[in-house]
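Chemist: Dropping in start-v9.cif, which is mmCIF, C-alpha atoms:
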```cif
data_protein
#
loop_
_atom_site.label_atom_id
_atom_site.label_comp_id
_atom_site.auth_asym_id
_atom_site.auth_seq_id
_atom_site.Cartn_x
_atom_site.Cartn_y
_atom_site.Cartn_z
CA MET A 1 -184.13 21.80 15.31
CA GLY A 2 -180.71 20.84 14.04
CA ALA A 3 -178.08 23.03 12.48
CA PRO A 4 -178.25 23.54 8.71
CA VAL A 5 -176.13 21.21 6.62
CA THR A 6 -176.23 23.12 3.35
CA LYS A 7 -173.33 25.48 2.74
CA THR A 8 -174.34 28.19 0.29
CA SER A 9 -172.90 31.65 -0.23
CA TYR A 10 -175.64 33.87 -1.57
CA ALA A 11 -173.12 36.61 -2.31
CA LEU A 12 -170.95 34.32 -4.45
CA ASN A 13 -173.90 32.86 -6.28
CA LYS A 14 -175.34 36.30 -6.96
CA VAL A 15 -172.09 37.40 -8.63
CA LEU A 16 -171.81 34.17 -10.65
CA THR A 17 -175.48 34.12 -11.66
CA ALA A 18 -175.20 37.61 -13.14
CA VAL A 19 -172.37 36.42 -15.39
CA ALA A 20 -173.94 33.07 -16.26
CA ARG A 21 -177.20 34.70 -17.31
CA GLN A 22 -175.29 36.73 -19.88
CA HIS A 23 -173.79 33.47 -21.20
CA ALA A 24 -170.44 35.06 -20.46
CA ARG A 25 -167.31 33.32 -19.23
CA LYS A 26 -164.54 34.54 -16.98
CA ASP A 27 -161.05 33.50 -16.09
CA SER A 28 -161.07 35.71 -13.00
CA PHE A 29 -162.75 38.82 -11.63
CA THR A 30 -161.30 42.25 -11.06
CA ASP A 31 -161.75 44.52 -8.04
CA GLU A 32 -163.84 46.85 -10.17
CA GLU A 33 -166.21 44.07 -11.16
CA LEU A 34 -166.69 43.07 -7.56
CA ALA A 35 -167.06 46.54 -6.10
CA GLY A 36 -170.12 46.89 -3.90
CA GLN A 37 -170.70 43.15 -3.48
CA ARG A 38 -170.99 41.87 0.09
CA LEU A 39 -168.24 39.28 -0.19
CA THR A 40 -165.89 37.99 2.47
CA ASP A 41 -162.15 38.34 2.01
CA ALA A 42 -161.91 34.64 1.16
CA GLU A 43 -164.70 34.95 -1.43
CA LEU A 44 -163.07 37.99 -2.99
CA ALA A 45 -159.74 36.24 -3.20
CA ALA A 46 -161.26 33.12 -4.78
CA LEU A 47 -163.13 35.13 -7.43
CA LYS A 48 -160.07 37.25 -8.25
CA ALA A 49 -157.90 34.13 -8.54
CA GLY A 50 -160.51 32.10 -10.41
CA ASP A 51 -159.91 29.38 -7.81
CA ILE A 52 -162.67 26.92 -8.69
CA THR A 53 -161.88 24.56 -5.81
CA ALA A 54 -161.95 27.33 -3.23
CA LEU A 55 -165.18 28.68 -4.68
CA TYR A 56 -166.79 25.27 -4.31
CA HIS A 57 -165.75 24.95 -0.67
CA LEU A 58 -166.92 28.51 0.04
CA GLY A 59 -170.46 27.65 -1.09
CA ALA A 60 -170.61 28.66 -4.74
CA ASN A 61 -172.99 26.52 -6.76
CA PRO A 62 -170.95 24.06 -8.84
CA TYR A 63 -173.11 24.52 -11.93
CA LEU A 64 -172.36 28.24 -11.79
CA ILE A 65 -168.65 27.58 -11.24
CA ARG A 66 -168.67 25.33 -14.29
CA ARG A 67 -170.52 27.82 -16.45
CA VAL A 68 -168.52 30.90 -15.53
CA PHE A 69 -165.06 29.37 -15.21
CA ARG A 70 -165.45 26.81 -18.00
CA ALA A 71 -161.91 27.37 -19.27
CA ARG A 72 -160.45 26.33 -15.92
CA PHE A 73 -161.81 22.79 -16.22
CA PRO A 74 -159.62 20.29 -18.04
CA ARG A 75 -162.62 18.83 -19.88
CA MET B 1 -209.74 9.17 -18.84
CA ALA B 2 -206.61 10.25 -20.62
CA GLU B 3 -203.93 7.73 -21.35
CA ILE B 4 -200.18 7.79 -20.76
CA VAL B 5 -199.03 6.53 -24.14
CA ALA B 6 -195.29 6.88 -23.71
CA ALA B 7 -192.80 7.34 -20.88
CA ALA B 8 -189.07 7.74 -21.05
CA LEU B 9 -186.07 8.65 -18.92
CA THR B 10 -182.98 10.20 -20.48
CA SER B 11 -179.83 11.99 -19.52
CA HIS B 12 -179.19 15.57 -20.56
CA ALA B 13 -175.73 17.04 -20.99
CA PRO B 14 -174.70 19.85 -23.32
CA LEU B 15 -171.73 17.92 -24.68
CA ILE B 16 -173.93 15.05 -25.96
CA THR B 17 -174.75 17.27 -28.89
CA GLY B 18 -172.16 20.00 -28.37
CA LYS B 19 -169.05 17.89 -28.84
CA PRO B 20 -170.08 14.57 -30.33
CA ASP B 21 -166.67 13.96 -31.85
CA ILE B 22 -164.74 13.87 -28.57
CA ALA B 23 -166.63 10.77 -27.39
CA GLU B 24 -165.48 7.30 -28.25
CA PRO B 25 -167.41 6.63 -31.50
CA ALA B 26 -168.87 3.29 -30.44
CA GLN B 27 -170.19 4.79 -27.19
CA ARG B 28 -171.63 7.77 -29.01
CA GLU B 29 -173.38 5.64 -31.59
CA ARG B 30 -174.88 3.29 -29.01
CA LEU B 31 -176.28 6.23 -27.06
CA TYR B 32 -177.54 7.97 -30.20
CA ALA B 33 -179.17 4.69 -31.21
CA GLY B 34 -180.95 4.66 -27.86
CA PHE B 35 -182.26 8.15 -28.49
CA ALA B 36 -183.27 7.18 -32.02
CA GLU B 37 -185.25 4.22 -30.71
CA LEU B 38 -186.98 6.48 -28.17
CA HIS B 39 -187.83 8.86 -31.00
CA ARG B 40 -189.28 6.00 -33.03
CA ARG B 41 -191.43 4.84 -30.12
CA PHE B 42 -192.57 8.38 -29.31
CA ALA B 43 -193.57 9.02 -32.89
CA GLY B 44 -195.55 5.80 -32.86
CA ALA B 45 -197.29 6.73 -29.60
CA ARG B 46 -198.66 9.97 -31.13
CA PRO B 47 -198.86 12.02 -27.91
CA ASP B 48 -201.00 15.17 -27.77
CA VAL B 49 -198.86 16.67 -25.01
CA ILE B 50 -195.56 15.81 -23.32
CA VAL B 51 -195.05 16.38 -19.60
CA MET B 52 -191.33 16.91 -19.02
CA PHE B 53 -189.83 16.42 -15.58
CA VAL B 54 -186.67 18.50 -15.68
CA ASN B 55 -184.48 20.76 -13.58
CA ASP B 56 -183.05 24.21 -13.84
CA HIS B 57 -179.31 24.90 -13.63
CA ILE B 58 -179.60 28.35 -11.99
CA GLN B 59 -180.61 29.68 -15.39
CA SER B 60 -184.24 30.52 -14.67
CA PHE B 61 -184.32 30.40 -10.91
CA PRO B 62 -181.71 32.47 -9.06
CA TYR B 63 -180.97 32.17 -5.37
CA SER B 64 -183.33 35.06 -4.71
CA ASN B 65 -186.28 32.81 -5.60
CA MET B 66 -185.78 29.04 -5.67
CA PRO B 67 -188.89 26.88 -6.08
CA ALA B 68 -188.87 23.21 -5.13
CA PHE B 69 -191.41 22.36 -7.85
CA CYS B 70 -192.48 24.71 -10.64
CA ILE B 71 -194.88 24.23 -13.54
CA GLY B 72 -194.19 26.02 -16.81
CA LEU B 73 -197.13 28.04 -18.15
CA ALA B 74 -195.37 29.60 -21.13
CA ASP B 75 -196.68 29.60 -24.69
CA SER B 76 -193.30 28.27 -25.82
CA TYR B 77 -189.86 27.39 -24.49
CA PRO B 78 -186.38 28.00 -25.83
CA ALA B 79 -184.80 24.64 -26.66
CA PRO B 80 -182.13 25.90 -26.85
CA SER B 81 -182.03 29.64 -26.31
CA PRO B 82 -179.85 31.70 -28.65
CA GLY B 83 -177.35 32.22 -25.83
CA SER B 84 -176.84 28.54 -25.06
CA ALA B 85 -177.17 27.19 -28.60
CA GLY B 86 -173.48 27.44 -29.33
CA LEU B 87 -172.53 25.22 -26.43
CA MET B 88 -174.98 22.52 -27.51
CA GLN B 89 -174.46 22.98 -31.25
CA ILE B 90 -178.22 22.92 -31.75
CA ALA B 91 -179.86 25.71 -33.72
CA PRO B 92 -181.92 27.99 -31.47
CA ARG B 93 -185.60 27.15 -31.61
CA ARG B 94 -188.73 27.32 -29.54
CA VAL B 95 -190.96 24.38 -28.76
CA PRO B 96 -194.65 25.00 -28.12
CA GLY B 97 -196.00 24.98 -24.57
CA ALA B 98 -199.43 23.96 -23.33
CA PRO B 99 -200.28 26.72 -20.84
CA ASP B 100 -203.92 25.71 -20.35
CA TRP B 101 -202.89 22.15 -19.58
CA GLY B 102 -200.24 23.45 -17.18
CA MET B 103 -202.71 25.79 -15.48
CA ALA B 104 -205.15 22.93 -14.98
CA LEU B 105 -202.37 20.90 -13.38
CA LEU B 106 -201.40 23.86 -11.20
CA GLU B 107 -204.96 24.50 -10.02
CA SER B 108 -205.54 20.83 -9.41
CA GLY B 109 -202.36 20.63 -7.35
CA LEU B 110 -203.22 23.63 -5.21
CA ALA B 111 -206.72 22.25 -4.61
CA ALA B 112 -205.26 18.92 -3.54
CA GLY B 113 -202.58 20.39 -1.29
CA PHE B 114 -199.70 20.19 -3.75
CA ASP B 115 -198.31 23.72 -3.82
CA PHE B 116 -196.46 24.05 -7.10
CA ALA B 117 -194.85 27.33 -8.07
CA TYR B 118 -195.40 28.46 -11.64
CA SER B 119 -193.61 30.45 -14.30
CA TYR B 120 -194.69 32.14 -17.52
CA GLU B 121 -191.14 32.52 -18.82
CA LEU B 122 -188.37 29.99 -18.53
CA GLU B 123 -184.85 30.15 -19.86
CA SER B 124 -183.98 26.53 -20.42
CA TRP B 125 -180.54 25.07 -20.74
CA ASP B 126 -179.78 21.50 -21.86
CA GLU B 127 -182.63 19.98 -19.82
CA LEU B 128 -185.10 20.53 -22.66
CA ALA B 129 -182.94 21.17 -25.71
CA VAL B 130 -180.76 18.06 -25.77
CA PRO B 131 -183.43 15.38 -25.24
CA LEU B 132 -185.95 17.17 -27.46
CA HIS B 133 -183.35 17.47 -30.20
CA PHE B 134 -183.60 13.69 -30.45
CA LEU B 135 -187.19 13.02 -29.36
CA LEU B 136 -188.99 15.91 -31.01
CA PRO B 137 -186.88 17.13 -33.91
CA GLU B 138 -189.81 18.95 -35.50
CA ALA B 139 -191.27 20.51 -32.33
CA THR B 140 -194.79 19.52 -33.24
CA VAL B 141 -196.05 18.38 -29.82
CA PRO B 142 -196.57 20.90 -26.99
CA VAL B 143 -194.69 20.36 -23.77
CA VAL B 144 -195.48 21.12 -20.13
CA PRO B 145 -192.26 21.29 -18.13
CA VAL B 146 -192.39 20.48 -14.43
CA TYR B 147 -189.20 21.75 -12.82
CA THR B 148 -187.80 20.20 -9.67
CA ASN B 149 -184.94 21.77 -7.77
CA CYS B 150 -182.09 19.29 -8.29
CA ALA B 151 -179.25 21.81 -8.46
CA ALA B 152 -179.44 24.24 -5.55
CA PRO B 153 -179.56 22.40 -2.21
CA PRO B 154 -181.40 21.90 0.01
CA LEU B 155 -183.52 19.82 -2.37
CA PRO B 156 -186.89 18.09 -1.99
CA THR B 157 -186.48 14.50 -0.90
CA VAL B 158 -186.49 11.75 -3.50
CA ARG B 159 -189.61 10.34 -1.91
CA ARG B 160 -191.38 13.68 -2.17
CA CYS B 161 -190.48 13.86 -5.86
CA HIS B 162 -192.11 10.47 -6.31
CA GLN B 163 -195.23 11.73 -4.54
CA MET B 164 -195.24 14.79 -6.79
CA GLY B 165 -195.02 12.58 -9.85
CA GLY B 166 -197.77 10.44 -8.40
CA PHE B 167 -199.98 13.50 -8.19
CA VAL B 168 -199.22 14.41 -11.80
CA GLY B 169 -200.14 10.87 -12.82
CA THR B 170 -203.44 11.14 -10.98
CA PHE B 171 -204.09 14.44 -12.71
CA ILE B 172 -203.31 12.94 -16.13
CA ARG B 173 -205.77 10.12 -15.51
CA SER B 174 -208.42 12.72 -14.60
CA ARG B 175 -208.06 14.34 -18.02
CA PRO B 176 -210.64 13.80 -20.77
CA ARG B 177 -210.87 10.44 -22.41
CA GLY B 178 -208.92 10.25 -25.63
CA GLU B 179 -206.14 12.61 -24.61
CA ARG B 180 -202.76 11.03 -25.21
CA VAL B 181 -200.04 12.10 -22.79
CA ALA B 182 -196.34 11.31 -22.86
CA VAL B 183 -194.03 11.63 -19.88
CA VAL B 184 -190.32 12.34 -20.18
CA ALA B 185 -187.77 12.85 -17.44
CA THR B 186 -184.30 14.19 -18.16
CA GLY B 187 -181.15 14.34 -16.05
CA GLY B 188 -178.61 12.08 -14.41
CA VAL B 189 -177.30 9.49 -14.25
CA SER B 190 -174.10 9.88 -12.20
CA HIS B 191 -171.92 12.88 -12.95
CA TRP B 192 -169.90 15.43 -11.08
CA VAL B 193 -170.19 18.95 -12.55
CA GLY B 194 -168.26 21.99 -11.34
CA THR B 195 -167.08 20.24 -8.18
CA PRO B 196 -163.46 19.28 -7.46
CA GLU B 197 -164.36 15.82 -8.83
CA THR B 198 -165.67 17.15 -12.16
CA GLY B 199 -165.53 14.45 -14.78
CA ARG B 200 -166.06 11.55 -12.42
CA ILE B 201 -168.75 9.01 -13.35
CA ASN B 202 -169.83 6.05 -11.21
CA PRO B 203 -171.11 3.23 -13.45
CA GLU B 204 -171.63 1.04 -10.38
CA PHE B 205 -174.30 3.40 -9.06
CA ASP B 206 -175.77 3.86 -12.51
CA HIS B 207 -176.17 0.12 -13.05
CA TRP B 208 -177.69 -0.20 -9.57
CA LEU B 209 -180.25 2.47 -10.42
CA LEU B 210 -181.00 1.14 -13.88
CA ASP B 211 -181.42 -2.39 -12.55
CA HIS B 212 -183.95 -1.15 -10.00
CA VAL B 213 -185.77 0.89 -12.64
CA ALA B 214 -185.85 -2.15 -14.92
CA ARG B 215 -187.56 -4.18 -12.19
CA ALA B 216 -189.80 -1.35 -10.98
CA ASP B 217 -188.18 -1.84 -7.58
CA ILE B 218 -188.69 1.76 -6.54
CA GLU B 219 -188.47 1.65 -2.76
CA PRO B 220 -184.63 1.44 -2.47
CA ILE B 221 -184.41 4.43 -4.81
CA LEU B 222 -186.90 6.44 -2.75
CA ALA B 223 -184.82 5.77 0.35
CA LEU B 224 -181.74 7.47 -1.12
CA THR B 225 -180.66 10.55 0.80
CA HIS B 226 -179.13 13.70 -0.62
CA THR B 227 -175.82 12.77 1.00
CA GLU B 228 -175.82 9.26 -0.46
CA ILE B 229 -176.56 10.53 -3.95
CA GLU B 230 -173.91 13.24 -3.69
CA ARG B 231 -171.38 10.61 -2.60
CA ASP B 232 -172.25 7.89 -5.12
CA ALA B 233 -173.67 9.79 -8.10
CA GLY B 234 -172.34 13.32 -7.72
CA ASN B 235 -174.15 16.62 -7.73
CA GLY B 236 -175.41 15.80 -11.24
CA GLY B 237 -176.82 12.56 -9.91
CA GLN B 238 -179.27 14.58 -7.83
CA GLU B 239 -181.19 14.97 -11.10
CA ILE B 240 -182.51 11.43 -10.75
CA ARG B 241 -185.31 13.20 -8.86
CA ASN B 242 -186.77 13.89 -12.31
CA TRP B 243 -186.68 10.19 -13.16
CA VAL B 244 -188.33 9.34 -9.87
CA ALA B 245 -191.07 11.90 -10.48
CA ALA B 246 -191.76 10.41 -13.91
CA LEU B 247 -191.83 6.91 -12.44
CA GLY B 248 -194.35 8.20 -9.91
CA THR B 249 -196.78 8.94 -12.72
CA VAL B 250 -196.79 5.28 -13.80
CA PRO B 251 -196.63 3.10 -10.68
CA GLY B 252 -195.44 -0.42 -11.40
CA TRP B 253 -194.16 0.34 -14.88
CA LYS B 254 -190.75 -1.09 -15.71
CA GLY B 255 -187.76 0.35 -17.48
CA ASP B 256 -186.37 -0.99 -20.72
CA VAL B 257 -182.80 0.32 -20.76
CA LEU B 258 -182.12 1.11 -24.41
CA ALA B 259 -178.64 2.49 -23.82
CA TYR B 260 -176.26 3.20 -21.00
CA GLU B 261 -172.84 4.66 -21.66
CA PRO B 262 -170.55 6.26 -19.10
CA VAL B 263 -168.94 8.82 -21.41
CA PRO B 264 -165.94 10.45 -19.71
CA GLU B 265 -165.56 13.04 -22.46
CA TRP B 266 -169.11 14.22 -21.81
CA ILE B 267 -168.54 13.92 -18.04
CA THR B 268 -171.84 12.07 -17.71
CA GLY B 269 -173.25 8.61 -17.24
CA CYS B 270 -175.67 8.73 -20.18
CA ALA B 271 -178.81 6.61 -20.45
CA THR B 272 -182.01 6.29 -22.42
CA VAL B 273 -184.81 4.26 -20.84
CA TRP B 274 -188.24 3.38 -22.19
CA VAL B 275 -190.78 2.87 -19.40
CA HIS B 276 -193.72 0.57 -20.03
CA PRO B 277 -196.49 -1.33 -18.21
#
```
Can the structure from this file be put into structure tokens for me?
Modeler:
Amino acid sequence: MGAPVTKTSYALNKVLTAVARQHARKDSFTDEELAGQRLTDAELAALKAGDITALYHLGANPYLIRRVFRARFPR
Amino acid sequence: MAEIVAAALTSHAPLITGKPDIAEPAQRERLYAGFAELHRRFAGARPDVIVMFVNDHIQSFPYSNMPAFCIGLADSYPAPSPGSAGLMQIAPRRVPGAPDWGMALLESGLAAGFDFAYSYELESWDELAVPLHFLLPEATVPVVPVYTNCAAPPLPTVRRCHQMGGFVGTFIRSRPRGERVAVVATGGVSHWVGTPETGRINPEFDHWLLDHVARADIEPILALTHTEIERDAGNGGQEIRNWVAALGTVPGWKGDVLAYEPVPEWITGCATVWVHP
């Protein structure tokens, strides 16, 4: 059995899915919005900064990044 | 036995309908002409039901429950839903489902060792709405969506998707004589969505794929790995699994590429393909 190759953060995707399902968009998240979520410090920082590149590398689903942070994409 | 009277492969992207004006007009018109020709051929084929090989975009299936393959058993499907209609600039509507047909496919799969998941309520995004806007403007033919996980890795292998489509084709041919079935796959071709390379398109890969589809040379496509597709066609390119599933229903059929346009403004390599014996 090899090591897994897929990098997914369930915590990040749970937060982003909740927003995407409301057809809502965000520029960033606040501490209040993220209270109670089991996020790492790096995940918290990326959500609060709206850092779409960091979110991708931390294992957020790119479709969710696109949906939620649409305004941060140049096109 | 039932007959597959039409088969097509198309891209889906919300901007195809959502922001038509940002595309280069000649590209837009060539792609729209491809869709219009597909519509003309579909209307002429007079299908009783359309099997749609599509994928979710974490709209219906969250990470708490992620099926590899899922058959829709709903009475109708949003195409688009009120919440996503604005993005696609298509009026919200519902297209009829064919739950009995879907249930028969589901039961047949389970009996044969093909363990589909199923859903009685699906929130679709552009995977149904955009292609059906062109192909089925009046929503008169019921659809049975077969969802494949193309968006939340790890994904089923391309080869397994072809086997799944092969099973669906076998099922279709077991249906009563006189039933007319159409097969549509939506997704792809190359595009990078939400990744650091968002907006990239790889026409070289797209032409490679389309050339193989045109010749019904399926084996090199089935050998593609997740990593190769991610590298050469982007995360959006993983949606070619839907195309491969559709091609599995009609072994040996060849693709007639009606349009291919890499549209940077829509961040998608866009194609319409008619598949025929």
Chemist: With chain A as the partner and 8 Å as the cut-off, tabulate the residues of chain B that qualify, each row holding the nearest pair of atoms and their distance in Å to one decimal, using only C-alpha atoms, sorted by chain and rising number, as JSON lines.
Modeler:
```
{"residue": "B:His57", "atom": "CA", "partner": "A:Tyr63", "partner_atom": "CA", "distance": 6.4}
{"residue": "B:Ile58", "atom": "CA", "partner": "A:Thr17", "partner_atom": "CA", "distance": 7.1}
{"residue": "B:Gln59", "atom": "CA", "partner": "A:Arg21", "partner_atom": "CA", "distance": 6.4}
{"residue": "B:Pro62", "atom": "CA", "partner": "A:Thr17", "partner_atom": "CA", "distance": 6.9}
{"residue": "B:Tyr63", "atom": "CA", "partner": "A:Tyr10", "partner_atom": "CA", "distance": 6.8}
{"residue": "B:Gly83", "atom": "CA", "partner": "A:His23", "partner_atom": "CA", "distance": 6.0}
{"residue": "B:Ser84", "atom": "CA", "partner": "A:His23", "partner_atom": "CA", "distance": 7.0}
{"residue": "B:Ala151", "atom": "CA", "partner": "A:Tyr63", "partner_atom": "CA", "distance": 7.6}
{"residue": "B:Ala152", "atom": "CA", "partner": "A:Asn61", "partner_atom": "CA", "distance": 6.9}
{"residue": "B:Pro153", "atom": "CA", "partner": "A:Thr6", "partner_atom": "CA", "distance": 6.5}
{"residue": "B:Pro154", "atom": "CA", "partner": "A:Thr6", "partner_atom": "CA", "distance": 6.3}
{"residue": "B:Val193", "atom": "CA", "partner": "A:Tyr63", "partner_atom": "CA", "distance": 6.3}
{"residue": "B:Gly194", "atom": "CA", "partner": "A:Pro62", "partner_atom": "CA", "distance": 4.2}
{"residue": "B:Thr195", "atom": "CA", "partner": "A:Pro62", "partner_atom": "CA", "distance": 5.5}
{"residue": "B:Pro196", "atom": "CA", "partner": "A:Thr53", "partner_atom": "CA", "distance": 5.8}
{"residue": "B:Thr198", "atom": "CA", "partner": "A:Phe73", "partner_atom": "CA", "distance": 7.9}
{"residue": "B:Gly199", "atom": "CA", "partner": "A:Arg75", "partner_atom": "CA", "distance": 7.3}
{"residue": "B:Glu265", "atom": "CA", "partner": "A:Arg75", "partner_atom": "CA", "distance": 7.0}
{"residue": "B:Ile267", "atom": "CA", "partner": "A:Arg75", "partner_atom": "CA", "distance": 7.9}
```
Chemist: Spell out the residues picked by the PyMOL selection byres ((chain B and resi 176) around 6) here, as an mmCIF file with C-alpha atoms, keeping the file's coordinate frame.
Modeler:
```
data_model
loop_
_atom_site.group_PDB
_atom_site.id
_atom_site.type_symbol
_atom_site.label_atom_id
_atom_site.label_comp_id
_atom_site.auth_asym_id
_atom_site.auth_seq_id
_atom_site.Cartn_x
_atom_site.Cartn_y
_atom_site.Cartn_z
ATOM 1 C CA MET B 1 -209.740 9.170 -18.840
ATOM 2 C CA ALA B 2 -206.610 10.250 -20.620
ATOM 3 C CA ARG B 175 -208.060 14.340 -18.020
ATOM 4 C CA ARG B 177 -210.870 10.440 -22.410
#
```
Chemist: Care to translate the PyMOL selection byres ((chain A and resi 39) around 12) into actual residues of this file, as a PDB file with C-alpha atoms, keeping the file's coordinate frame?
Modeler:
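Contents of expr01.pdb, freshly written:
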```
ATOM      1  CA  SER A   9    -172.900  31.650  -0.230  1.00  0.00           C
ATOM      2  CA  TYR A  10    -175.640  33.870  -1.570  1.00  0.00           C
ATOM      3  CA  ALA A  11    -173.120  36.610  -2.310  1.00  0.00           C
ATOM      4  CA  LEU A  12    -170.950  34.320  -4.450  1.00  0.00           C
ATOM      5  CA  ASN A  13    -173.900  32.860  -6.280  1.00  0.00           C
ATOM      6  CA  LYS A  14    -175.340  36.300  -6.960  1.00  0.00           C
ATOM      7  CA  VAL A  15    -172.090  37.400  -8.630  1.00  0.00           C
ATOM      8  CA  ASP A  31    -161.750  44.520  -8.040  1.00  0.00           C
ATOM      9  CA  LEU A  34    -166.690  43.070  -7.560  1.00  0.00           C
ATOM     10  CA  ALA A  35    -167.060  46.540  -6.100  1.00  0.00           C
ATOM     11  CA  GLY A  36    -170.120  46.890  -3.900  1.00  0.00           C
ATOM     12  CA  GLN A  37    -170.700  43.150  -3.480  1.00  0.00           C
ATOM     13  CA  ARG A  38    -170.990  41.870   0.090  1.00  0.00           C
ATOM     14  CA  THR A  40    -165.890  37.990   2.470  1.00  0.00           C
ATOM     15  CA  ASP A  41    -162.150  38.340   2.010  1.00  0.00           C
ATOM     16  CA  ALA A  42    -161.910  34.640   1.160  1.00  0.00           C
ATOM     17  CA  GLU A  43    -164.700  34.950  -1.430  1.00  0.00           C
ATOM     18  CA  LEU A  44    -163.070  37.990  -2.990  1.00  0.00           C
ATOM     19  CA  ALA A  45    -159.740  36.240  -3.200  1.00  0.00           C
ATOM     20  CA  ALA A  46    -161.260  33.120  -4.780  1.00  0.00           C
ATOM     21  CA  LEU A  47    -163.130  35.130  -7.430  1.00  0.00           C
ATOM     22  CA  LYS A  48    -160.070  37.250  -8.250  1.00  0.00           C
ATOM     23  CA  LEU A  55    -165.180  28.680  -4.680  1.00  0.00           C
ATOM     24  CA  LEU A  58    -166.920  28.510   0.040  1.00  0.00           C
ATOM     25  CA  GLY A  59    -170.460  27.650  -1.090  1.00  0.00           C
ATOM     26  CA  ALA A  60    -170.610  28.660  -4.740  1.00  0.00           C
TER      27      ALA A  60
END
```
Chemist: Convert the output of the PyMOL selection byres ((chain B and resi 165) around 6) on the shown file into explicit residues, formatted as a PyMOL selection string.
Modeler: chain B and resi 162-164+166-168+245-246+248-249
Chemist: Using all atoms listed in the file, which residues sit within 12 Å of Trp266 of chain B once same-chain residues fewer than 4 positions away are excluded, as a PDB file with C-alpha atoms, in the coordinates of the input?
Modeler:
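What landed in selection-v7.pdb:
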```pdb
ATOM      1  CA  PRO A  74    -159.620  20.290 -18.040  1.00  0.00           C
ATOM      2  CA  ARG A  75    -162.620  18.830 -19.880  1.00  0.00           C
TER       3      ARG A  75
ATOM      4  CA  SER B  11    -179.830  11.990 -19.520  1.00  0.00           C
ATOM      5  CA  HIS B  12    -179.190  15.570 -20.560  1.00  0.00           C
ATOM      6  CA  ALA B  13    -175.730  17.040 -20.990  1.00  0.00           C
ATOM      7  CA  PRO B  14    -174.700  19.850 -23.320  1.00  0.00           C
ATOM      8  CA  LEU B  15    -171.730  17.920 -24.680  1.00  0.00           C
ATOM      9  CA  ILE B  16    -173.930  15.050 -25.960  1.00  0.00           C
ATOM     10  CA  THR B  17    -174.750  17.270 -28.890  1.00  0.00           C
ATOM     11  CA  GLY B  18    -172.160  20.000 -28.370  1.00  0.00           C
ATOM     12  CA  LYS B  19    -169.050  17.890 -28.840  1.00  0.00           C
ATOM     13  CA  PRO B  20    -170.080  14.570 -30.330  1.00  0.00           C
ATOM     14  CA  ASP B  21    -166.670  13.960 -31.850  1.00  0.00           C
ATOM     15  CA  ILE B  22    -164.740  13.870 -28.570  1.00  0.00           C
ATOM     16  CA  ALA B  23    -166.630  10.770 -27.390  1.00  0.00           C
ATOM     17  CA  GLU B  24    -165.480   7.300 -28.250  1.00  0.00           C
ATOM     18  CA  GLN B  27    -170.190   4.790 -27.190  1.00  0.00           C
ATOM     19  CA  ARG B  28    -171.630   7.770 -29.010  1.00  0.00           C
ATOM     20  CA  LEU B  31    -176.280   6.230 -27.060  1.00  0.00           C
ATOM     21  CA  MET B  88    -174.980  22.520 -27.510  1.00  0.00           C
ATOM     22  CA  SER B 190    -174.100   9.880 -12.200  1.00  0.00           C
ATOM     23  CA  HIS B 191    -171.920  12.880 -12.950  1.00  0.00           C
ATOM     24  CA  TRP B 192    -169.900  15.430 -11.080  1.00  0.00           C
ATOM     25  CA  VAL B 193    -170.190  18.950 -12.550  1.00  0.00           C
ATOM     26  CA  THR B 198    -165.670  17.150 -12.160  1.00  0.00           C
ATOM     27  CA  GLY B 199    -165.530  14.450 -14.780  1.00  0.00           C
ATOM     28  CA  ARG B 200    -166.060  11.550 -12.420  1.00  0.00           C
ATOM     29  CA  ILE B 201    -168.750   9.010 -13.350  1.00  0.00           C
ATOM     30  CA  GLU B 261    -172.840   4.660 -21.660  1.00  0.00           C
ATOM     31  CA  PRO B 262    -170.550   6.260 -19.100  1.00  0.00           C
ATOM     32  CA  CYS B 270    -175.670   8.730 -20.180  1.00  0.00           C
TER      33      CYS B 270
END
```
Chemist: Can you pull out every residue within 9 Å of Thr225 of chain B, counting all atoms listed in the file, but drop anything in the same chain fewer than 3 positions away, and send it as an MDAnalysis selection string?
Modeler: chainID B and resid 157:158 222 228:230
Chemist: Using C-alpha atoms, can you export the residues from the last selection as a PDB file, in the coordinates of the input?
Modeler:
```pdb
ATOM      1  CA  THR B 157    -186.480  14.500  -0.900  1.00  0.00           C
ATOM      2  CA  VAL B 158    -186.490  11.750  -3.500  1.00  0.00           C
ATOM      3  CA  LEU B 222    -186.900   6.440  -2.750  1.00  0.00           C
ATOM      4  CA  GLU B 228    -175.820   9.260  -0.460  1.00  0.00           C
ATOM      5  CA  ILE B 229    -176.560  10.530  -3.950  1.00  0.00           C
ATOM      6  CA  GLU B 230    -173.910  13.240  -3.690  1.00  0.00           C
TER       7      GLU B 230
END
```
Chemist: Here is a test: counting all atoms listed in the file, which residue of B:Leu209, B:Met66, B:Cys161, B:Val54 is nearest to Trp125 of chain B?
Modeler: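 Among B:Leu209, B:Met66, B:Cys161, B:Val54, it is B:Val54 that comes nearest to Trp125 of chain B.
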Chemist: Using only C-alpha atoms for the distances, tell me which of B:Ser119, B:Ser174, B:Thr227, B:Thr148 is nearest to Ala68 of chain B.
Modeler: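 Comparing B:Ser119, B:Ser174, B:Thr227, B:Thr148 against Ala68 of chain B, the winner is B:Thr148.
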Chemist: How far is it from atom CA of Phe114 of chain B to atom CA of Gly2 of chain A, in Å with one decimal?
Modeler: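 Calculated distance between atom CA of Phe114 of chain B and atom CA of Gly2 of chain A is 26.0 Å.
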Chemist: Give as a PyMOL selection string each residue that has an atom at most 9 Å from (-190.7, 25.8, -31.2) in the file, counting all atoms listed in the file.
Modeler: chain B and resi 76-79+93-97+138-140+142
